Amino acid sequence: MTTAPVLEGLRHQASGKVREIYEVDDAHLLLVTTDRLSAFDVVLDDPIAGRGTVLTALTQFWLERTADLVPNHLVGWRAFELPPGARHLAGRAMLVRRLDMIPFECIARGYLVGSGWKEYRSGGTVCGIPLPAGLREADKLPEPLFTPSTKAITGHDENVPESVLVDRLGPDLAGRLHDLTVDVYSRGAELAAGKGILLADTKFEFGMADGEVVLADEVLTPDSSRFWPADQWRPGASPPSFDKQFVRDWLESTGWDKTAPAPRLPAEVTDGTAARYRDAYERLSGRSLDDWLAEAKG
Ligand code: PZK
């Protein structure tokens, strides 16, 4: 547990595991992503150099490539667009529109994995949605599923049937969230597949502004999604995570009991992980991270 940095002229509002939010004015917030990484639900002491920049660059990339599908909260990310007290954070800070957040996580699943695979194996459904028989672990689903969840009071999120969204938000808004979730995921998954990366599933957050649904938060990053290297995907086994597998495998090899603090990571593990994050951005965007960062810093 650490304290969020003091930024001149900005009031700290909230901390996520590896991110911070500050208030800019009535209509804007600043989201800052750190270089820290969590594994097995523990935030590690050793930063992964450039990780905050990759998560920010990926979000900026995807928001630009989905802006024709849905308006989004991003207002600025280049130094000159940020409040003066945050310009030194250019590359891992985003100025965003302050929204009324919709209190559901909008999840799209394109592949049968994790808790979805377990539920399918026991009863042929995923989040209560019936699927064809005979699917294997990590199989591509016939169509992406919309499987919303809600923040449970204690820690982890709780899946809810789509009917709960219909009851709480009304059929029009619930239907719009379903369609946007599937459409933005499908756009991302198709582009990524062409670059050798499978997006197995992802989580979106939406908010409202002026009566309009707006895409918020981070978008199609390895923290909000499962990224798989396409060449290591084969149905019948769970593919390794593109980014965290290297850290998880090393931590497992130490015999660590998964309670904080985690063991300190050797340089080859932090450096190898940093290289994987950078590679994910560069493969997806076709742009060097240094080039993007130079534009951010101005
Ligand atoms: C908002 N979070 C999650 C993100 C954290 C927590 N555009 C917005 N308007 C209003 N609220 C939010 C957003 C966005 N995005 C997002 N919580 C509130 C979150 C980053 C760091 F500590």
# chains A, B, ... in the order shown; residues from 1 in each chain; ligands from 1
call {"tool": "residues_around", "arguments": {"residues": "stretch 118-135 of chain A", "least_positions_apart": "3", "cutoff": "7 Å", "atoms": "only C-alpha atoms", "output": "ChimeraX atom specification"}}
result
/A:114-115,139,147,159
call {"tool": "residues_around", "arguments": {"residues": "stretch 287-292 of chain A", "least_positions_apart": "2", "cutoff": "12 Å", "atoms": "only C-alpha atoms", "output": "NGL selection string"}}
result
:A and (50-58 or 60-61 or 77-78 or 90-92 or 274-275 or 277-285 or 294-298)
call {"tool": "closest_residue", "arguments": {"among": "A:Arg109, A:Gly188, A:Ala174, A:Val18", "to": "A:Ser38", "atoms": "only C-alpha atoms"}}
result
A:Val18
call {"tool": "residues_near_ligand", "arguments": {"ligand": "ligand 1", "cutoff": "6 Å", "atoms": "only C-alpha atoms and all ligand atoms", "output": "PyMOL selection string"}}
result
chain A and resi 14-16+19-21+31+73+96-101+216-217
call {"tool": "select_by_dssp", "arguments": {"residues": "stretch 108-229 of chain A", "states": "strand (DSSP E or B)", "output": "number ranges by chain"}}
result
A: 108-111, 125-126, 129-130, 140-146, 149-151, 157-159, 197-209, 212-216, 225-229
call {"tool": "write_last_selection", "arguments": {"atoms": "N, CA and C atoms", "output": "CSV table (one decimal), in the first residue's frame"}}
result
chain,number,residue,atom,x,y,z
A,108,ALA,N,-17.4,-9.0,-22.8
A,108,ALA,CA,-17.6,-9.8,-24.0
A,108,ALA,C,-16.7,-11.0,-24.0
A,109,ARG,N,-17.2,-12.2,-24.3
A,109,ARG,CA,-16.3,-13.4,-24.4
A,109,ARG,C,-16.4,-14.0,-25.7
A,110,GLY,N,-15.2,-14.1,-26.3
A,110,GLY,CA,-15.1,-14.7,-27.7
A,110,GLY,C,-14.6,-16.2,-27.7
A,111,TYR,N,-14.1,-16.6,-26.6
A,111,TYR,CA,-13.5,-17.9,-26.4
A,111,TYR,C,-13.9,-18.5,-25.1
A,125,THR,N,-23.6,-24.3,-20.1
A,125,THR,CA,-24.0,-22.9,-20.3
A,125,THR,C,-22.7,-22.0,-19.9
A,126,VAL,N,-22.8,-20.7,-20.3
A,126,VAL,CA,-21.8,-19.7,-19.8
A,126,VAL,C,-22.6,-18.6,-19.3
A,129,ILE,N,-26.1,-18.8,-20.3
A,129,ILE,CA,-26.4,-18.8,-21.7
A,129,ILE,C,-26.1,-20.2,-22.3
A,130,PRO,N,-27.1,-20.9,-22.9
A,130,PRO,CA,-26.8,-22.2,-23.4
A,130,PRO,C,-26.0,-22.1,-24.7
A,140,LYS,N,-13.1,-21.2,-29.9
A,140,LYS,CA,-13.8,-19.9,-30.3
A,140,LYS,C,-15.3,-20.2,-30.2
A,141,LEU,N,-16.0,-19.2,-29.6
A,141,LEU,CA,-17.4,-19.4,-29.5
A,141,LEU,C,-18.1,-19.0,-30.8
A,142,PRO,N,-19.3,-19.6,-31.1
A,142,PRO,CA,-19.9,-19.3,-32.4
A,142,PRO,C,-20.2,-17.8,-32.6
A,143,GLU,N,-20.5,-17.1,-31.5
A,143,GLU,CA,-20.7,-15.7,-31.5
A,143,GLU,C,-20.2,-15.1,-30.2
A,144,PRO,N,-19.6,-13.9,-30.2
A,144,PRO,CA,-19.2,-13.4,-28.8
A,144,PRO,C,-20.4,-13.3,-27.9
A,145,LEU,N,-20.2,-13.6,-26.7
A,145,LEU,CA,-21.3,-13.5,-25.6
A,145,LEU,C,-21.2,-12.2,-24.9
A,146,PHE,N,-22.3,-11.6,-24.5
A,146,PHE,CA,-22.4,-10.5,-23.6
A,146,PHE,C,-22.7,-11.1,-22.2
A,149,SER,N,-21.5,-8.1,-15.4
A,149,SER,CA,-21.3,-8.4,-14.0
A,149,SER,C,-21.4,-7.1,-13.2
A,150,THR,N,-21.5,-7.2,-11.9
A,150,THR,CA,-21.7,-6.1,-11.1
A,150,THR,C,-20.7,-6.2,-9.9
A,151,LYS,N,-20.2,-5.0,-9.4
A,151,LYS,CA,-19.3,-5.0,-8.4
A,151,LYS,C,-19.9,-5.6,-7.1
A,157,ASP,N,-16.1,-9.4,-8.7
A,157,ASP,CA,-17.3,-9.1,-9.4
A,157,ASP,C,-18.2,-10.3,-9.5
A,158,GLU,N,-19.5,-10.0,-9.7
A,158,GLU,CA,-20.5,-11.1,-9.7
A,158,GLU,C,-21.3,-11.0,-11.0
A,159,ASN,N,-21.3,-12.1,-11.7
A,159,ASN,CA,-22.0,-12.2,-13.0
A,159,ASN,C,-23.5,-12.0,-12.7
A,197,ILE,N,-2.5,-11.8,-32.4
A,197,ILE,CA,-2.9,-11.7,-31.0
A,197,ILE,C,-4.4,-12.0,-31.0
A,198,LEU,N,-4.8,-13.0,-30.1
A,198,LEU,CA,-6.2,-13.3,-29.9
A,198,LEU,C,-6.7,-12.6,-28.7
A,199,LEU,N,-7.8,-11.9,-28.8
A,199,LEU,CA,-8.5,-11.3,-27.6
A,199,LEU,C,-9.5,-12.2,-27.1
A,200,ALA,N,-9.2,-13.0,-26.1
A,200,ALA,CA,-10.2,-14.0,-25.6
A,200,ALA,C,-11.4,-13.5,-25.1
A,201,ASP,N,-11.3,-12.4,-24.3
A,201,ASP,CA,-12.5,-11.8,-23.7
A,201,ASP,C,-12.0,-10.4,-23.2
A,202,THR,N,-13.0,-9.6,-22.8
A,202,THR,CA,-12.6,-8.2,-22.4
A,202,THR,C,-13.8,-7.6,-21.5
A,203,LYS,N,-13.4,-6.6,-20.8
A,203,LYS,CA,-14.4,-5.9,-19.9
A,203,LYS,C,-14.4,-4.4,-20.3
A,204,PHE,N,-15.6,-3.9,-20.6
A,204,PHE,CA,-15.7,-2.4,-20.8
A,204,PHE,C,-16.5,-1.8,-19.7
A,205,GLU,N,-16.3,-0.5,-19.5
A,205,GLU,CA,-17.1,0.3,-18.6
A,205,GLU,C,-17.6,1.5,-19.5
A,206,PHE,N,-18.9,1.7,-19.3
A,206,PHE,CA,-19.6,2.8,-20.0
A,206,PHE,C,-20.2,3.8,-19.0
A,207,GLY,N,-20.3,5.0,-19.4
A,207,GLY,CA,-21.0,6.1,-18.6
A,207,GLY,C,-21.9,6.8,-19.5
A,208,MET,N,-22.6,7.8,-18.9
A,208,MET,CA,-23.6,8.6,-19.6
A,208,MET,C,-23.1,10.1,-19.5
A,209,ALA,N,-23.3,10.8,-20.6
A,209,ALA,CA,-23.1,12.3,-20.6
A,209,ALA,C,-24.1,12.8,-21.6
A,212,GLU,N,-26.2,10.4,-23.6
A,212,GLU,CA,-25.5,9.6,-24.5
A,212,GLU,C,-24.7,8.5,-23.8
A,213,VAL,N,-24.6,7.3,-24.4
A,213,VAL,CA,-23.7,6.3,-23.8
A,213,VAL,C,-22.3,6.6,-24.3
A,214,VAL,N,-21.4,6.6,-23.4
A,214,VAL,CA,-20.0,6.9,-23.7
A,214,VAL,C,-19.1,5.8,-23.2
A,215,LEU,N,-18.1,5.4,-24.0
A,215,LEU,CA,-17.1,4.3,-23.6
A,215,LEU,C,-16.1,5.0,-22.7
A,216,ALA,N,-15.8,4.4,-21.5
A,216,ALA,CA,-14.9,5.0,-20.5
A,216,ALA,C,-13.8,4.0,-20.2
A,225,SER,N,-8.5,-7.4,-20.4
A,225,SER,CA,-8.7,-8.4,-21.4
A,225,SER,C,-7.8,-9.6,-21.3
A,226,ARG,N,-8.1,-10.7,-21.9
A,226,ARG,CA,-7.1,-11.8,-22.0
A,226,ARG,C,-6.5,-11.7,-23.4
A,227,PHE,N,-5.2,-11.5,-23.5
A,227,PHE,CA,-4.4,-11.5,-24.7
A,227,PHE,C,-3.7,-12.8,-24.8
A,228,TRP,N,-3.9,-13.5,-26.0
A,228,TRP,CA,-3.2,-14.7,-26.2
A,228,TRP,C,-2.3,-14.6,-27.5
A,229,PRO,N,-1.1,-15.1,-27.4
A,229,PRO,CA,-0.3,-15.2,-28.7
A,229,PRO,C,-1.0,-16.2,-29.6
call {"tool": "residues_around", "arguments": {"residues": "A:Thr59", "least_positions_apart": "6", "cutoff": "8 Å", "atoms": "only C-alpha atoms", "output": "NGL selection string"}}
result
:A and (218-221)
call {"tool": "atom_distance", "arguments": {"atom1": "atom CA of A:Gly196", "atom2": "atom CA of A:Phe242"}}
result
11.0 Å
call {"tool": "select_by_dssp", "arguments": {"residues": "stretch 76-212 of chain A", "states": "alpha helix (DSSP H)", "output": "PyMOL selection string"}}
result
chain A and resi 114-123+162-169+171-193
call {"tool": "residues_around", "arguments": {"residues": "stretch 260-273 of chain A", "least_positions_apart": "4", "cutoff": "9 Å", "atoms": "only C-alpha atoms", "output": "list in words"}}
result
Ala39, Val42, Val43, Leu44, Asp45, Asp46, Pro47, Ile48, Ala49, Arg51, Asp243, Lys244, Gln245, Phe246, Val247, Trp250, Leu251, Thr254, Trp256, Tyr277 and Arg278 of chain A
call {"tool": "residues_around", "arguments": {"residues": "stretch 63-67 of chain A", "least_positions_apart": "4", "cutoff": "8 Å", "atoms": "only C-alpha atoms", "output": "compact mmCIF listing (two decimals) with N, CA and C atoms, in the first residue's frame"}}
result
# COMPACT_ATOMS: atom_id res chain seq x y z
N THR A 59 -4.96 2.00 -24.95
CA THR A 59 -6.30 2.58 -24.79
C THR A 59 -6.51 3.70 -25.81
N PRO A 71 -19.09 7.10 -28.99
CA PRO A 71 -18.28 8.19 -28.46
C PRO A 71 -17.55 7.72 -27.20
N ASN A 72 -16.37 8.28 -26.93
CA ASN A 72 -15.62 7.86 -25.74
C ASN A 72 -15.19 9.06 -24.91
N LEU A 74 -12.21 10.06 -23.88
CA LEU A 74 -10.86 10.64 -23.98
C LEU A 74 -10.90 12.06 -24.55
N VAL A 184 -17.71 -3.45 -30.16
CA VAL A 184 -16.35 -2.94 -29.90
C VAL A 184 -15.39 -4.11 -29.72
N ARG A 187 -14.66 -5.61 -33.22
CA ARG A 187 -13.73 -4.75 -33.95
C ARG A 187 -12.30 -5.02 -33.49
N VAL A 219 -9.33 0.48 -22.41
CA VAL A 219 -10.05 -0.26 -23.43
C VAL A 219 -9.12 -1.25 -24.13
call {"tool": "atom_distance", "arguments": {"atom1": "atom CA of A:Asp167", "atom2": "atom CA of A:Asp179"}}
result
17.1 Å
call {"tool": "atom_distance", "arguments": {"atom1": "atom CA of A:Thr259", "atom2": "atom CA of A:Ala152"}}
result
22.0 Å
call {"tool": "closest_residue", "arguments": {"among": "A:Thr181, A:Gln232, A:Thr33, A:Thr3", "to": "A:Ala138", "atoms": "only C-alpha atoms"}}
result
A:Gln232
call {"tool": "decode", "arguments": {"residues": "stretch 178-189 of chain A", "atoms": "N, CA, C and O atoms", "output": "PDB file, in the first residue's frame"}}
result
ATOM      1  N   HIS A 178     -25.398  -4.037 -24.620  1.00  0.00           N
ATOM      2  CA  HIS A 178     -25.115  -5.357 -25.204  1.00  0.00           C
ATOM      3  C   HIS A 178     -24.498  -5.203 -26.593  1.00  0.00           C
ATOM      4  O   HIS A 178     -23.425  -5.754 -26.889  1.00  0.00           O
ATOM      5  N   ASP A 179     -25.157  -4.416 -27.436  1.00  0.00           N
ATOM      6  CA  ASP A 179     -24.691  -4.282 -28.825  1.00  0.00           C
ATOM      7  C   ASP A 179     -23.317  -3.612 -28.894  1.00  0.00           C
ATOM      8  O   ASP A 179     -22.439  -4.059 -29.646  1.00  0.00           O
ATOM      9  N   LEU A 180     -23.112  -2.554 -28.102  1.00  0.00           N
ATOM     10  CA  LEU A 180     -21.815  -1.871 -28.129  1.00  0.00           C
ATOM     11  C   LEU A 180     -20.705  -2.784 -27.626  1.00  0.00           C
ATOM     12  O   LEU A 180     -19.600  -2.790 -28.176  1.00  0.00           O
ATOM     13  N   THR A 181     -20.990  -3.548 -26.586  1.00  0.00           N
ATOM     14  CA  THR A 181     -19.979  -4.453 -26.025  1.00  0.00           C
ATOM     15  C   THR A 181     -19.534  -5.465 -27.074  1.00  0.00           C
ATOM     16  O   THR A 181     -18.328  -5.681 -27.287  1.00  0.00           O
ATOM     17  N   VAL A 182     -20.497  -6.064 -27.752  1.00  0.00           N
ATOM     18  CA  VAL A 182     -20.160  -7.063 -28.780  1.00  0.00           C
ATOM     19  C   VAL A 182     -19.478  -6.393 -29.973  1.00  0.00           C
ATOM     20  O   VAL A 182     -18.494  -6.922 -30.521  1.00  0.00           O
ATOM     21  N   ASP A 183     -19.946  -5.218 -30.366  1.00  0.00           N
ATOM     22  CA  ASP A 183     -19.399  -4.563 -31.556  1.00  0.00           C
ATOM     23  C   ASP A 183     -17.971  -4.053 -31.325  1.00  0.00           C
ATOM     24  O   ASP A 183     -17.106  -4.200 -32.199  1.00  0.00           O
ATOM     25  N   VAL A 184     -17.710  -3.451 -30.165  1.00  0.00           N
ATOM     26  CA  VAL A 184     -16.355  -2.937 -29.898  1.00  0.00           C
ATOM     27  C   VAL A 184     -15.391  -4.113 -29.722  1.00  0.00           C
ATOM     28  O   VAL A 184     -14.282  -4.111 -30.254  1.00  0.00           O
ATOM     29  N   TYR A 185     -15.824  -5.153 -28.999  1.00  0.00           N
ATOM     30  CA  TYR A 185     -14.980  -6.356 -28.864  1.00  0.00           C
ATOM     31  C   TYR A 185     -14.685  -6.958 -30.245  1.00  0.00           C
ATOM     32  O   TYR A 185     -13.527  -7.305 -30.542  1.00  0.00           O
ATOM     33  N   SER A 186     -15.705  -7.094 -31.073  1.00  0.00           N
ATOM     34  CA  SER A 186     -15.511  -7.730 -32.385  1.00  0.00           C
ATOM     35  C   SER A 186     -14.546  -6.926 -33.255  1.00  0.00           C
ATOM     36  O   SER A 186     -13.681  -7.502 -33.937  1.00  0.00           O
ATOM     37  N   ARG A 187     -14.661  -5.612 -33.220  1.00  0.00           N
ATOM     38  CA  ARG A 187     -13.731  -4.746 -33.951  1.00  0.00           C
ATOM     39  C   ARG A 187     -12.298  -5.016 -33.491  1.00  0.00           C
ATOM     40  O   ARG A 187     -11.379  -5.197 -34.288  1.00  0.00           O
ATOM     41  N   GLY A 188     -12.101  -5.053 -32.159  1.00  0.00           N
ATOM     42  CA  GLY A 188     -10.767  -5.280 -31.605  1.00  0.00           C
ATOM     43  C   GLY A 188     -10.248  -6.664 -31.916  1.00  0.00           C
ATOM     44  O   GLY A 188      -9.091  -6.834 -32.321  1.00  0.00           O
ATOM     45  N   ALA A 189     -11.099  -7.672 -31.747  1.00  0.00           N
ATOM     46  CA  ALA A 189     -10.658  -9.062 -31.937  1.00  0.00           C
ATOM     47  C   ALA A 189     -10.260  -9.309 -33.385  1.00  0.00           C
ATOM     48  O   ALA A 189      -9.280 -10.019 -33.660  1.00  0.00           O
TER      49      ALA A 189
END
